[in-house]
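*Asks:* model-v2.cif (mmCIF, C-alpha atoms) pasted underneath:
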data_start
#
loop_
_atom_site.label_atom_id
_atom_site.label_comp_id
_atom_site.auth_asym_id
_atom_site.auth_seq_id
_atom_site.Cartn_x
_atom_site.Cartn_y
_atom_site.Cartn_z
CA MET A 1 -26.64 7.99 -22.07
CA THR A 2 -27.49 4.33 -21.51
CA VAL A 3 -25.49 1.33 -22.62
CA GLU A 4 -28.20 0.58 -25.17
CA GLN A 5 -27.75 3.87 -27.00
CA LYS A 6 -25.67 3.74 -30.14
CA THR A 7 -22.30 5.50 -30.05
CA THR A 8 -19.35 5.67 -32.37
CA GLY A 9 -15.61 5.92 -32.07
CA CYS A 10 -12.71 4.11 -30.39
CA PRO A 11 -13.06 3.32 -26.66
CA PHE A 12 -9.45 4.36 -26.02
CA SER A 13 -9.33 7.55 -28.07
CA GLY A 14 -11.12 9.87 -25.67
CA THR A 15 -14.17 9.93 -27.99
CA GLU A 16 -17.40 8.06 -27.48
CA PRO A 17 -17.02 4.26 -27.83
CA ASP A 18 -18.74 2.14 -30.45
CA ASP A 19 -21.56 -0.34 -29.73
CA ALA A 20 -19.35 -3.31 -28.94
CA PHE A 21 -17.31 -1.51 -26.30
CA ALA A 22 -19.93 0.77 -24.75
CA PRO A 23 -20.81 -1.47 -21.76
CA TYR A 24 -17.14 -2.00 -20.86
CA VAL A 25 -16.23 1.68 -21.20
CA GLN A 26 -19.26 2.88 -19.27
CA TYR A 27 -18.99 0.25 -16.52
CA ALA A 28 -15.38 1.10 -15.70
CA ARG A 29 -15.68 4.83 -16.56
CA MET A 30 -12.79 4.42 -18.98
CA ASN A 31 -13.32 7.71 -20.78
CA SER A 32 -13.08 9.57 -17.48
CA LEU A 33 -10.01 7.58 -16.47
CA LEU A 34 -8.22 8.18 -19.76
CA SER A 35 -8.93 11.91 -19.63
CA LEU A 36 -7.02 12.48 -16.38
CA GLN A 37 -3.52 12.88 -17.81
CA HIS A 38 -2.47 16.49 -18.29
CA PRO A 39 1.30 16.93 -18.77
CA LEU A 40 2.65 20.37 -17.91
CA SER A 41 5.76 20.15 -20.07
CA THR A 42 6.72 19.05 -23.55
CA ALA A 43 8.91 16.22 -22.23
CA ASP A 44 8.19 12.91 -23.96
CA THR A 45 8.52 11.02 -20.68
CA GLU A 46 6.16 13.11 -18.53
CA PRO A 47 2.94 11.35 -19.73
CA GLY A 48 4.40 7.99 -18.68
CA PHE A 49 5.39 9.41 -15.30
CA ILE A 50 1.87 10.70 -14.72
CA ILE A 51 0.20 7.48 -15.88
CA MET A 52 2.36 5.22 -13.72
CA SER A 53 1.89 7.50 -10.72
CA GLN A 54 -1.86 7.14 -11.20
CA VAL A 55 -1.52 3.38 -11.63
CA LYS A 56 0.27 3.16 -8.29
CA GLU A 57 -2.47 5.15 -6.59
CA LEU A 58 -5.11 2.80 -8.00
CA LEU A 59 -3.10 -0.16 -6.73
CA PHE A 60 -2.80 1.49 -3.31
CA LYS A 61 -6.59 1.76 -3.28
CA LEU A 62 -7.01 -1.89 -4.25
CA LEU A 63 -4.46 -3.03 -1.68
CA HIS A 64 -6.18 -0.96 1.00
CA THR A 65 -9.49 -2.61 0.08
CA GLU A 66 -8.00 -6.10 0.35
CA LEU A 67 -6.16 -5.47 3.62
CA THR A 68 -9.22 -3.84 5.17
CA THR A 69 -11.23 -6.90 4.23
CA ALA A 70 -8.59 -9.19 5.78
CA ARG A 71 -8.56 -7.10 8.97
CA ASP A 72 -12.33 -7.29 9.30
CA GLN A 73 -12.28 -11.04 8.62
CA LEU A 74 -9.76 -11.55 11.44
CA ARG A 75 -11.98 -9.52 13.76
CA LYS A 76 -14.81 -11.98 13.03
CA ASP A 77 -12.52 -15.02 13.51
CA GLY A 78 -12.70 -15.72 9.78
CA LEU A 79 -9.06 -16.72 9.60
CA ASP A 80 -9.44 -18.96 6.55
CA ASP A 81 -11.14 -16.16 4.66
CA ALA A 82 -8.48 -13.69 5.79
CA LEU A 83 -5.70 -15.97 4.54
CA TRP A 84 -7.31 -16.12 1.11
CA THR A 85 -7.70 -12.33 1.07
CA LEU A 86 -4.07 -11.83 2.06
CA ARG A 87 -3.12 -14.09 -0.83
CA ARG A 88 -4.87 -11.70 -3.20
CA ALA A 89 -3.26 -8.71 -1.50
CA GLY A 90 0.16 -10.23 -2.09
CA ARG A 91 -0.49 -10.38 -5.82
CA VAL A 92 -1.39 -6.68 -5.81
CA GLN A 93 1.90 -5.95 -4.06
CA GLU A 94 3.78 -7.83 -6.74
CA VAL A 95 2.30 -5.51 -9.37
CA LEU A 96 3.16 -2.49 -7.22
CA LEU A 97 6.77 -3.61 -6.97
CA VAL A 98 7.07 -4.10 -10.73
CA SER A 99 5.60 -0.63 -11.30
CA TRP A 100 8.93 0.89 -10.25
CA GLU A 101 10.52 -0.58 -13.37
CA THR A 102 8.99 2.10 -15.56
CA PHE A 103 10.48 4.85 -13.37
CA ALA A 104 13.86 3.14 -13.11
CA VAL A 105 14.49 3.48 -16.85
CA LEU A 106 14.06 7.26 -16.75
CA SER A 107 17.51 8.77 -17.16
CA PRO A 108 18.43 11.76 -14.95
CA VAL A 109 18.30 13.99 -18.03
CA GLU A 110 14.81 12.76 -18.98
CA PHE A 111 13.48 13.32 -15.46
CA ALA A 112 15.08 16.76 -15.27
CA GLU A 113 13.14 17.78 -18.39
CA PHE A 114 9.89 17.90 -16.41
CA ARG A 115 10.89 17.78 -12.74
CA GLU A 116 10.51 21.53 -12.34
CA VAL A 117 6.80 21.41 -13.21
CA LEU A 118 6.21 19.06 -10.26
CA GLY A 119 6.81 21.96 -7.89
CA THR A 120 6.32 20.61 -4.36
CA ALA A 121 4.34 17.59 -5.54
CA SER A 122 5.68 14.36 -4.06
CA GLY A 123 4.62 10.80 -3.41
CA PHE A 124 5.23 11.68 0.24
CA GLN A 125 1.82 13.40 0.06
CA SER A 126 -0.01 10.28 -1.13
CA VAL A 127 -3.21 9.77 0.83
CA GLY A 128 -3.48 6.18 -0.37
CA TYR A 129 -0.03 5.26 0.84
CA ARG A 130 -0.49 6.97 4.21
CA ARG A 131 -3.73 5.10 4.80
CA LEU A 132 -1.93 1.84 4.02
CA GLU A 133 0.79 2.64 6.55
CA PHE A 134 -1.81 3.30 9.24
CA LEU A 135 -3.86 0.24 8.26
CA LEU A 136 -0.80 -1.99 8.68
CA GLY A 137 0.02 -0.53 12.09
CA ASN A 138 2.72 2.07 11.46
CA LYS A 139 0.81 4.83 13.22
CA ASN A 140 2.66 8.07 13.70
CA PRO A 141 0.36 11.09 14.25
CA ALA A 142 3.14 13.37 12.97
CA MET A 143 2.61 11.85 9.54
CA MET A 144 -0.77 13.59 9.43
CA GLU A 145 0.98 16.90 8.77
CA PRO A 146 1.56 16.46 5.01
CA HIS A 147 -2.22 16.07 4.65
CA ARG A 148 -3.32 18.99 6.81
CA GLY A 149 -5.48 21.29 4.72
CA SER A 150 -6.13 18.52 2.21
CA PRO A 151 -9.74 17.52 1.40
CA ALA A 152 -8.68 13.98 2.39
CA TYR A 153 -7.41 14.99 5.84
CA LYS A 154 -10.46 13.61 7.66
CA GLU A 155 -10.17 10.37 5.73
CA VAL A 156 -6.54 9.90 6.79
CA LEU A 157 -7.35 10.91 10.37
CA ALA A 158 -10.15 8.35 10.49
CA GLN A 159 -7.69 5.67 9.37
CA LEU A 160 -5.32 6.66 12.17
CA HIS A 161 -8.06 5.97 14.71
CA GLU A 162 -9.15 2.62 13.26
CA PRO A 163 -7.70 -0.68 14.50
CA SER A 164 -4.91 -1.90 12.24
CA LEU A 165 -4.50 -5.27 10.59
CA TYR A 166 -1.82 -6.12 13.15
CA ASP A 167 -4.10 -5.03 16.02
CA GLU A 168 -6.62 -7.62 14.85
CA ALA A 169 -3.95 -10.32 14.43
CA LEU A 170 -2.83 -9.77 18.02
CA ALA A 171 -6.45 -9.74 19.21
CA LEU A 172 -6.84 -13.14 17.58
CA LEU A 173 -3.78 -14.43 19.44
CA THR A 174 -5.43 -13.19 22.64
CA ARG A 175 -8.68 -15.01 21.87
CA ARG A 176 -6.67 -18.17 21.20
CA GLY A 177 -5.07 -17.92 24.65
CA LEU A 178 -1.54 -17.25 23.40
CA LEU A 179 -1.41 -13.62 24.49
CA ALA A 180 -2.73 -12.12 27.71
CA ALA A 181 -5.39 -9.50 27.27
CA GLY A 182 -4.00 -5.99 27.39
CA ALA A 183 -5.58 -2.74 28.38
CA ASP A 184 -7.81 -1.21 25.76
CA GLY A 185 -5.91 1.65 24.19
CA ASP A 186 -6.46 4.30 21.60
CA PRO A 187 -6.19 2.68 18.14
CA ALA A 188 -4.32 5.80 17.04
CA GLU A 189 -1.43 4.77 19.27
CA PRO A 190 1.21 2.35 17.95
CA TYR A 191 0.16 -1.28 18.12
CA ARG A 192 0.76 -3.35 21.23
CA ALA A 193 4.42 -4.38 21.35
CA GLY A 194 6.75 -6.11 23.77
CA ALA A 195 8.30 -9.39 24.81
CA GLU A 196 4.89 -10.99 25.41
CA VAL A 197 3.90 -10.40 21.77
CA GLU A 198 7.08 -12.03 20.52
CA ALA A 199 6.53 -14.92 22.96
CA ALA A 200 3.05 -15.50 21.53
CA TRP A 201 4.40 -15.73 17.99
CA LEU A 202 7.22 -17.93 19.25
CA ALA A 203 4.65 -20.39 20.59
CA VAL A 204 3.04 -20.48 17.16
CA TYR A 205 6.32 -21.10 15.35
CA ARG A 206 7.46 -23.78 17.79
CA ASP A 207 4.28 -25.75 17.16
CA PRO A 208 3.32 -25.06 13.52
CA THR A 209 1.22 -28.21 13.39
CA GLY A 210 -0.77 -27.50 16.53
CA HIS A 211 -1.24 -23.87 15.48
CA ARG A 212 -1.44 -24.50 11.76
CA ASP A 213 -3.80 -21.66 10.84
CA LEU A 214 -1.96 -19.15 13.03
CA HIS A 215 1.33 -20.26 11.51
CA LEU A 216 -0.12 -19.65 8.06
CA LEU A 217 -1.29 -16.22 9.23
CA ALA A 218 2.17 -15.36 10.56
CA GLU A 219 3.77 -16.25 7.24
CA ALA A 220 1.07 -14.43 5.26
CA LEU A 221 1.72 -11.29 7.30
CA MET A 222 5.44 -11.75 6.75
CA ASP A 223 4.81 -11.91 3.01
CA ILE A 224 3.02 -8.56 3.22
CA ALA A 225 5.81 -7.02 5.31
CA ASP A 226 8.50 -8.47 3.05
CA GLN A 227 6.88 -7.04 -0.08
CA PHE A 228 6.59 -3.62 1.54
CA ALA A 229 10.26 -3.71 2.51
CA ARG A 230 11.17 -4.56 -1.08
CA TRP A 231 8.89 -1.81 -2.39
CA ARG A 232 10.52 0.80 -0.16
CA TYR A 233 14.03 -0.35 -1.04
CA THR A 234 13.23 -0.29 -4.75
CA HIS A 235 11.83 3.21 -4.28
CA LEU A 236 15.10 4.25 -2.67
CA VAL A 237 17.26 2.79 -5.45
CA THR A 238 15.05 4.26 -8.17
CA VAL A 239 15.29 7.75 -6.66
CA GLN A 240 19.06 7.36 -6.27
CA ARG A 241 19.28 6.46 -9.91
CA MET A 242 17.19 9.44 -11.07
CA LEU A 243 18.19 12.13 -8.57
CA GLY A 244 21.43 11.17 -6.89
CA ALA A 245 21.76 13.21 -3.69
CA LYS A 246 19.35 15.98 -4.68
CA PRO A 247 16.57 16.91 -2.21
CA GLY A 248 13.11 15.44 -2.75
CA THR A 249 10.38 17.51 -4.37
CA GLY A 250 8.10 17.30 -1.32
CA GLY A 251 10.52 18.99 1.08
CA THR A 252 12.25 15.80 2.26
CA SER A 253 16.00 15.26 2.06
CA GLY A 254 15.46 12.75 -0.72
CA VAL A 255 17.67 9.67 -0.59
CA PRO A 256 18.68 10.02 3.10
CA TRP A 257 15.01 10.22 4.11
CA LEU A 258 14.08 7.23 1.96
CA SER A 259 17.05 5.30 3.31
CA GLY A 260 15.74 5.82 6.84
CA ILE A 261 12.20 4.65 6.14
CA SER A 262 13.48 1.66 4.15
CA GLU A 263 14.76 0.25 7.45
CA HIS A 264 11.25 0.12 8.93
CA ARG A 265 9.54 -3.27 9.11
CA PHE A 266 5.85 -3.91 9.60
CA PHE A 267 4.96 -6.53 12.24
CA PRO A 268 8.45 -6.36 13.87
CA GLU A 269 7.87 -9.24 16.31
CA LEU A 270 7.43 -11.56 13.35
CA TRP A 271 10.92 -10.55 12.27
CA SER A 272 12.58 -10.63 15.69
CA VAL A 273 11.06 -14.00 16.65
CA ARG A 274 13.25 -15.62 14.01
CA SER A 275 16.29 -14.98 16.18
CA ALA A 276 14.70 -17.01 18.98
CA LEU A 277 13.88 -20.11 16.93
#
Take the structure in the file and write it out as structure tokens.

*Replies:*
Amino acid sequence: MTVEQKTTGCPFSGTEPDDAFAPYVQYARMNSLLSLQHPLSTADTEPGFIIMSQVKELLFKLLHTELTTARDQLRKDGLDDALWTLRRAGRVQEVLLVSWETFAVLSPVEFAEFREVLGTASGFQSVGYRRLEFLLGNKNPAMMEPHRGSPAYKEVLAQLHEPSLYDEALALLTRRGLLAAGADGDPAEPYRAGAEVEAAWLAVYRDPTGHRDLHLLAEALMDIADQFARWRYTHLVTVQRMLGAKPGTGGTSGVPWLSGISEHRFFPELWSVRSAL
């Protein structure tokens, strides 16, 4: 069916849209999108849980797109372009953070009404989130295990072996003469770390005028890391509120596991350098 063909119905009802909305519905595949919610219980709150889980995955995809673009722009020395892209990425993160609000108002009783139908399903198994972790530089090959056997396994594995956003930021510092060139390593290994990396960022922060664009990059990366830290902490508090000390659905210990990962910080030298200023 083409956009010129006449159709009838409401664009948000699951039926064919009318003339006025057909181009919008067909362009964004809205009918397909709105047909993907299939609650497995009679709980009134399960549809909202499914929809917001899907919203988060779409936002993960958008954030991955933006951060990949920023990484590639840094690789090409397009720092101004990368800064603008990171600005957009930050806005996506703000929406992601707010998305927890809809889960936070689920009472323990409401969540319990449909939790059993989740089985072993867990956000821990999110391909989109894992790719984001690897893209930002938190590369732990052990985290491939939840995706083994998944159709997306190769996709996640490929992300593990790609340079991260932080890899490209450090490569830029090297090209600017602030960081000595290091040995070429496997991108699947954790990013280059050490006192020399912190010293390079320290040079940037001690001369923010002379290194204006790099200083802006450092703070833009900190914004990304800060938002992720807030997202993880909000995740922790939300789960505490809904589950208490119960184990997680995906085989994790639940709150204790989330508490541990909430301590992680992306781009750690940008955090530690603050103690040296």

*Asks:* Give me, as a Markdown table, the closest atom pair and its distance (Å, one decimal) for every residue of range 26-100 of chain A within a cut-off of 9 Å of range 199-214 of chain A, counting only C-alpha atoms, rows sorted by chain and rising number.

*Replies:*
| residue | atom | partner | partner_atom | distance |
| --- | --- | --- | --- | --- |
| A:Leu79 | CA | A:Asp213 | CA | 7.3 |
| A:Asp80 | CA | A:Asp213 | CA | 7.6 |
| A:Leu83 | CA | A:Asp213 | CA | 8.7 |

*Asks:* Have a look at A:Pro108, A:Pro146, A:Gly194, A:Gly48 and name the one nearest to Phe267 in chain A; count only C-alpha atoms.

*Replies:* A:Gly194

*Asks:* So which residues touch Glu57 in chain A within 9 Å, counting all atoms listed in the file, skipping near sequence neighbours fewer than 4 positions away, as a list in words?

*Replies:*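 So the residues in contact are Met52, Ser53, Lys61, Leu62, Ser126, Val127, Gly128 and Tyr129 of chain A.
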
*Asks:* So which one's closest to Gly244 in chain A, A:Met143, A:Ala28, A:Leu165, A:Ala112? Using all atoms listed in the file, please.

*Replies:* A:Ala112

*Asks:* Distance cut-off 10 Å, centre (12.5, 6.8, 4.5) in file coordinates, counting all atoms listed in the file: which residues qualify? Return them as a list in words.

*Replies:*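 In the file's frame, the residues around the point are Phe124, Arg232, Tyr233, His235, Leu236, Thr252, Ser253, Gly254, Val255, Pro256, Trp257, Leu258, Ser259, Gly260, Ile261, Ser262, Glu263 and His264 of chain A.
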
*Asks:* Would you work out the distance separating CA of Thr234 in chain A from CA of Val92 in chain A, expressed in Å to one decimal?

*Replies:*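 Between these atoms lies a distance of 16.0 Å.
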
*Asks:* Give the answer as one residue: which of A:Ile50, A:Thr85, A:Ala193, A:His161 has the shortest atom-to-atom distance to Ala121 in chain A, using all atoms listed in the file?

*Replies:*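 Nearest to Ala121 in chain A: A:Ile50.
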
*Asks:* Which residues are close to Arg71 in chain A, i.e. within 9 Å by only C-alpha atoms, leaving aside same-chain residues fewer than 5 positions away? Reply as a list in words.

*Replies:* Glu66, Lys76, Ala82, Leu135, Pro163, Ser164, Leu165, Tyr166, Asp167, Glu168 and Ala169 of chain A

*Asks:* Of the candidates A:Arg265, A:Arg148, A:Arg274, A:Arg175, which shows the shortest atom-to-atom distance to Ile224 in chain A, using all atoms listed in the file?

*Replies:*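 Nearest candidate to Ile224 in chain A out of A:Arg265, A:Arg148, A:Arg274, A:Arg175: A:Arg265.
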
*Asks:* So, counting only C-alpha atoms, which residue among A:Thr65, A:Asn140, A:Thr102, A:Thr238 is closest to Glu46 in chain A?

*Replies:*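 Comparing A:Thr65, A:Asn140, A:Thr102, A:Thr238 against Glu46 in chain A, the winner is A:Thr102.
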
*Asks:* Let me know the residues the PyMOL selection byres ((chain A and resi 37) around 7) catches in the file above, as a ChimeraX atom specification.

*Replies:* /A:34-36,38-39,47,50-51

*Asks:* Tell me which of A:Ala218, A:Ala181, A:Val237, A:Ala225 sits closest to Gln93 in chain A, counting all atoms listed in the file.

*Replies:*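 Closest to Gln93 in chain A of all the choices is A:Ala225.
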
*Asks:* Quick one: residues within 8 Å of (16.8, 8.2, -12.9) (file frame), counting all atoms listed in the file, please, as number ranges by chain.

*Replies:* A: 103-111, 238-243

*Asks:* Can you work out the spacing between CA of Trp231 in chain A and CA of Arg75 in chain A in Å, to one decimal?

*Replies:*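 Atom-to-atom, CA of Trp231 in chain A and CA of Arg75 in chain A are spaced 27.5 Å apart.
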
*Asks:* Excluding Ser41 in chain A and residues on its chain fewer than 6 positions from it, collect all residues at most 10 Å away from it, counting only C-alpha atoms, and give them as a count of residues only.

*Replies:* 7
